[in-house]
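Participant: Take a look at this one; I'll ask things after.
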Amino acid sequence: MRISCCLFVPLKAGVNIILFLVFAFGLLKVTSYVRFLISYESSKNSINFVYNVYPIIVVYGLIVIVAAFGLYVTTCANTPNMLSIYSKVFYGIIGFFILYSIMEIVEAITLSIVCTELSYLCGQNHLEIIIPVNIVLIILSLYFATVISTYVRKRKDEYINRPIYAF
């Protein structure tokens with residue numbers, strides 16, 4: 001039985017592509033927020049800046065570290081035990097990311113409610129962009145976790161069912 005990722009991509013290649021995409025996405029977010037941190041000196045003293053930018057850098061930094069660890073595990077240390085550990089870590093970071101995305105949606109909705117009452121204090125609130133993007137990211141995250149879990153299960157089954165040679 002041949003298991004594939006995304007209909008036609010082999011499972012191992014799909015896992016590596018997913019991990020590379022997660023790594024690139026996290027790295028892009030971290031670098032953009034660090035660049036924002038460096039370039040806007042006046043906003044560093046803002047409470048809003050402290051409560052928003054630093055946690056975002058930490059969350060996406062963790063995602064980058066976990067994705068890099070996953071790339072290492074799938075390419076170099078491709079043992080069932082390491083894959084099992086990585087699968088659990090990936091589930092944890094995906095759960096954290098989903099919680100963060102839900103909080104971002106709630107924050108956008110709350111801000112839009114406040115902005116209708118105090119419109120002179122608010123800029124544009126892009127609800128029509130924030131909510132669908134975060135919902136798509138949540139769905140993709142769940143799919144990625146499912147693909148990685150399938151790969152780990154397949155590797156464990158191959159390891160258990162491998163022939164044992166006695167000399």
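Every chain in the structure tokens has a letter given in the order shown (A, B, ...), and although residue numbers restart at 1 in each chain, ligands are simply numbered from 1 in the order shown.
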Could you name the residues that touch A:Phe23 at 7 Å or less, counting only C-alpha atoms, but leaving out those on the same chain fewer than 2 positions away, as a VMD selection string?

Facilitator: chain A and resid 19 to 21 25 to 27 64 67 to 68

Participant: Give me a file of those residues, with C-alpha atoms, as a PDB file, in the first residue's frame.

Facilitator:
```
ATOM      1  CA  LEU A  19       8.630  21.095   7.114  1.00  0.00           C
ATOM      2  CA  PHE A  20      10.520  23.356   4.724  1.00  0.00           C
ATOM      3  CA  LEU A  21       7.384  25.468   4.160  1.00  0.00           C
ATOM      4  CA  PHE A  25       7.046  30.749   6.897  1.00  0.00           C
ATOM      5  CA  GLY A  26       8.295  30.995  10.475  1.00  0.00           C
ATOM      6  CA  LEU A  27      11.626  32.472   9.395  1.00  0.00           C
ATOM      7  CA  VAL A  64      11.328  27.762  13.199  1.00  0.00           C
ATOM      8  CA  ALA A  67      10.650  22.825  11.872  1.00  0.00           C
ATOM      9  CA  ALA A  68      14.467  22.782  11.761  1.00  0.00           C
TER      10      ALA A  68
END
```

Participant: Name the residues in contact with A:Val147 at a cut-off of 12 Å, using only C-alpha atoms, excluding same-chain residues fewer than 5 positions from it; report them as a list in words.

Facilitator: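 In the requested format, the answer is Ile3, Ser4, Cys5, Cys6, Leu7, Val9, Pro10, Leu11, Lys12, Ala13, Gly14, Val15, Asn16, Ile17, Ile18, Leu19, Ser87, Phe90, Tyr91, Leu140, Ser141, Leu142, Val152, Arg153 and Lys154 of chain A.
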
Participant: May I have the selected residues written with N, CA and C atoms, as a PDB file, in the first residue's frame?

Facilitator:
```
ATOM      1  N   ILE A   3       1.317   5.088   0.444  1.00  0.00           N
ATOM      2  CA  ILE A   3       0.689   6.246   1.067  1.00  0.00           C
ATOM      3  C   ILE A   3       1.353   7.485   0.494  1.00  0.00           C
ATOM      4  N   SER A   4       0.538   8.446   0.094  1.00  0.00           N
ATOM      5  CA  SER A   4       1.105   9.666  -0.476  1.00  0.00           C
ATOM      6  C   SER A   4       0.553  10.881   0.253  1.00  0.00           C
ATOM      7  N   CYS A   5       1.249  11.963   0.055  1.00  0.00           N
ATOM      8  CA  CYS A   5       0.848  13.247   0.622  1.00  0.00           C
ATOM      9  C   CYS A   5       0.327  14.099  -0.534  1.00  0.00           C
ATOM     10  N   CYS A   6      -0.777  14.720  -0.404  1.00  0.00           N
ATOM     11  CA  CYS A   6      -1.316  15.618  -1.428  1.00  0.00           C
ATOM     12  C   CYS A   6      -1.534  14.902  -2.759  1.00  0.00           C
ATOM     13  N   LEU A   7      -2.093  13.734  -2.753  1.00  0.00           N
ATOM     14  CA  LEU A   7      -2.485  12.934  -3.906  1.00  0.00           C
ATOM     15  C   LEU A   7      -1.334  12.291  -4.669  1.00  0.00           C
ATOM     16  N   VAL A   9       2.350  13.298  -4.341  1.00  0.00           N
ATOM     17  CA  VAL A   9       3.688  13.466  -3.771  1.00  0.00           C
ATOM     18  C   VAL A   9       3.937  12.323  -2.787  1.00  0.00           C
ATOM     19  N   PRO A  10       5.079  11.632  -2.884  1.00  0.00           N
ATOM     20  CA  PRO A  10       5.388  10.584  -1.901  1.00  0.00           C
ATOM     21  C   PRO A  10       5.401  11.153  -0.484  1.00  0.00           C
ATOM     22  N   LEU A  11       5.075  10.313   0.474  1.00  0.00           N
ATOM     23  CA  LEU A  11       4.883  10.765   1.852  1.00  0.00           C
ATOM     24  C   LEU A  11       6.130  11.424   2.435  1.00  0.00           C
ATOM     25  N   LYS A  12       7.301  10.800   2.285  1.00  0.00           N
ATOM     26  CA  LYS A  12       8.516  11.379   2.866  1.00  0.00           C
ATOM     27  C   LYS A  12       8.843  12.723   2.220  1.00  0.00           C
ATOM     28  N   ALA A  13       8.719  12.807   0.904  1.00  0.00           N
ATOM     29  CA  ALA A  13       8.966  14.082   0.223  1.00  0.00           C
ATOM     30  C   ALA A  13       7.949  15.129   0.672  1.00  0.00           C
ATOM     31  N   GLY A  14       6.693  14.718   0.842  1.00  0.00           N
ATOM     32  CA  GLY A  14       5.662  15.640   1.311  1.00  0.00           C
ATOM     33  C   GLY A  14       5.947  16.164   2.706  1.00  0.00           C
ATOM     34  N   VAL A  15       6.420  15.278   3.578  1.00  0.00           N
ATOM     35  CA  VAL A  15       6.778  15.704   4.937  1.00  0.00           C
ATOM     36  C   VAL A  15       7.920  16.713   4.886  1.00  0.00           C
ATOM     37  N   ASN A  16       8.931  16.446   4.070  1.00  0.00           N
ATOM     38  CA  ASN A  16      10.053  17.384   3.962  1.00  0.00           C
ATOM     39  C   ASN A  16       9.619  18.714   3.353  1.00  0.00           C
ATOM     40  N   ILE A  17       8.731  18.672   2.369  1.00  0.00           N
ATOM     41  CA  ILE A  17       8.214  19.913   1.787  1.00  0.00           C
ATOM     42  C   ILE A  17       7.424  20.693   2.830  1.00  0.00           C
ATOM     43  N   ILE A  18       6.573  20.003   3.577  1.00  0.00           N
ATOM     44  CA  ILE A  18       5.791  20.655   4.628  1.00  0.00           C
ATOM     45  C   ILE A  18       6.712  21.291   5.661  1.00  0.00           C
ATOM     46  N   LEU A  19       7.716  20.554   6.105  1.00  0.00           N
ATOM     47  CA  LEU A  19       8.630  21.095   7.114  1.00  0.00           C
ATOM     48  C   LEU A  19       9.409  22.285   6.573  1.00  0.00           C
ATOM     49  N   SER A  87       7.130  14.054  16.454  1.00  0.00           N
ATOM     50  CA  SER A  87       5.690  14.130  16.218  1.00  0.00           C
ATOM     51  C   SER A  87       4.979  14.776  17.405  1.00  0.00           C
ATOM     52  N   PHE A  90       5.861  18.468  17.483  1.00  0.00           N
ATOM     53  CA  PHE A  90       5.148  19.161  16.411  1.00  0.00           C
ATOM     54  C   PHE A  90       3.684  19.363  16.781  1.00  0.00           C
ATOM     55  N   TYR A  91       3.052  18.331  17.373  1.00  0.00           N
ATOM     56  CA  TYR A  91       1.670  18.500  17.832  1.00  0.00           C
ATOM     57  C   TYR A  91       1.568  19.621  18.865  1.00  0.00           C
ATOM     58  N   LEU A 140      -4.546  24.246   7.493  1.00  0.00           N
ATOM     59  CA  LEU A 140      -3.263  23.740   6.989  1.00  0.00           C
ATOM     60  C   LEU A 140      -2.426  23.136   8.109  1.00  0.00           C
ATOM     61  N   SER A 141      -2.426  23.759   9.267  1.00  0.00           N
ATOM     62  CA  SER A 141      -1.665  23.232  10.398  1.00  0.00           C
ATOM     63  C   SER A 141      -2.165  21.853  10.806  1.00  0.00           C
ATOM     64  N   LEU A 142      -3.479  21.697  10.856  1.00  0.00           N
ATOM     65  CA  LEU A 142      -4.048  20.390  11.194  1.00  0.00           C
ATOM     66  C   LEU A 142      -3.708  19.348  10.128  1.00  0.00           C
ATOM     67  N   VAL A 152       5.078   9.156  10.569  1.00  0.00           N
ATOM     68  CA  VAL A 152       5.655   8.518  11.760  1.00  0.00           C
ATOM     69  C   VAL A 152       5.066   7.122  11.940  1.00  0.00           C
ATOM     70  N   ARG A 153       3.760   6.989  11.772  1.00  0.00           N
ATOM     71  CA  ARG A 153       3.114   5.684  11.905  1.00  0.00           C
ATOM     72  C   ARG A 153       3.638   4.709  10.850  1.00  0.00           C
ATOM     73  N   LYS A 154       3.808   5.182   9.623  1.00  0.00           N
ATOM     74  CA  LYS A 154       4.316   4.331   8.543  1.00  0.00           C
ATOM     75  C   LYS A 154       5.741   3.868   8.837  1.00  0.00           C
TER      76      LYS A 154
END
```

Participant: Which residues are close to A:Ile109, i.e. within 12 Å by only C-alpha atoms, leaving aside same-chain residues fewer than 6 positions away? Reply as a short mmCIF file (atom, residue, chain, number, x, y, z; two decimals) with N, CA and C atoms, in the first residue's frame.

Facilitator:
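The resulting file, result-v4.cif, is shown below:
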```
data_model
loop_
_atom_site.label_atom_id
_atom_site.label_comp_id
_atom_site.auth_asym_id
_atom_site.auth_seq_id
_atom_site.Cartn_x
_atom_site.Cartn_y
_atom_site.Cartn_z
N ILE A 102 -6.37 31.55 16.94
CA ILE A 102 -7.70 31.82 17.48
C ILE A 102 -7.69 33.13 18.28
N MET A 103 -6.64 33.35 19.05
CA MET A 103 -6.53 34.60 19.80
C MET A 103 -6.43 35.79 18.85
N CYS A 115 -13.69 49.60 17.57
CA CYS A 115 -13.48 50.63 16.54
C CYS A 115 -14.79 51.18 16.00
N THR A 116 -15.86 50.42 16.06
CA THR A 116 -17.14 50.98 15.61
C THR A 116 -17.63 52.03 16.60
N ASN A 125 -9.26 48.22 10.25
CA ASN A 125 -9.22 46.87 10.81
C ASN A 125 -9.57 45.92 9.67
N HIS A 126 -8.66 45.07 9.29
CA HIS A 126 -8.83 44.21 8.13
C HIS A 126 -9.42 42.86 8.53
N LEU A 127 -10.66 42.90 9.02
CA LEU A 127 -11.33 41.68 9.44
C LEU A 127 -11.50 40.69 8.29
N GLU A 128 -11.81 41.22 7.11
CA GLU A 128 -12.06 40.33 5.97
C GLU A 128 -10.79 39.63 5.50
N ILE A 129 -9.63 40.06 5.95
CA ILE A 129 -8.37 39.39 5.62
C ILE A 129 -7.90 38.53 6.79
N ILE A 130 -7.96 39.07 7.99
CA ILE A 130 -7.41 38.39 9.17
C ILE A 130 -8.13 37.07 9.45
N ILE A 131 -9.44 37.07 9.44
CA ILE A 131 -10.18 35.86 9.80
C ILE A 131 -9.98 34.74 8.79
#
```

Participant: Using Å and a single decimal, report how far atom CA of A:Thr150 sits from atom CA of A:Ser101.

Facilitator: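 According to the coordinates, atom CA of A:Ser101 and atom CA of A:Thr150 are separated by 24.2 Å.
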
Participant: Near A:Ser32, counting only C-alpha atoms, which residues have an atom at most 12 Å away, once you skip same-chain residues fewer than 4 positions from it, shown as a ChimeraX atom specification?

Facilitator: /A:25-28,36-39,53,56-57,60-61

Participant: Smallest atom-to-atom distance to A:Leu71: which of A:Tyr86, A:Ile135, A:Ile93, A:Arg162, using only C-alpha atoms?

Facilitator: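 Among the listed residues, A:Tyr86 lies closest to A:Leu71.
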
Participant: With only C-alpha atoms as the atoms that count, which of A:Glu104, A:Ile94, A:Ile113, A:Pro132 lies nearest to A:Asn52?

Facilitator: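 Ranking A:Glu104, A:Ile94, A:Ile113, A:Pro132 by distance to A:Asn52, first place goes to A:Glu104.
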
Participant: So, counting only C-alpha atoms, which residue among A:Val30, A:Ile65, A:Ile148, A:Leu137 is closest to A:Leu83?

Facilitator: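 For A:Leu83, the nearest of the candidates is A:Ile148.
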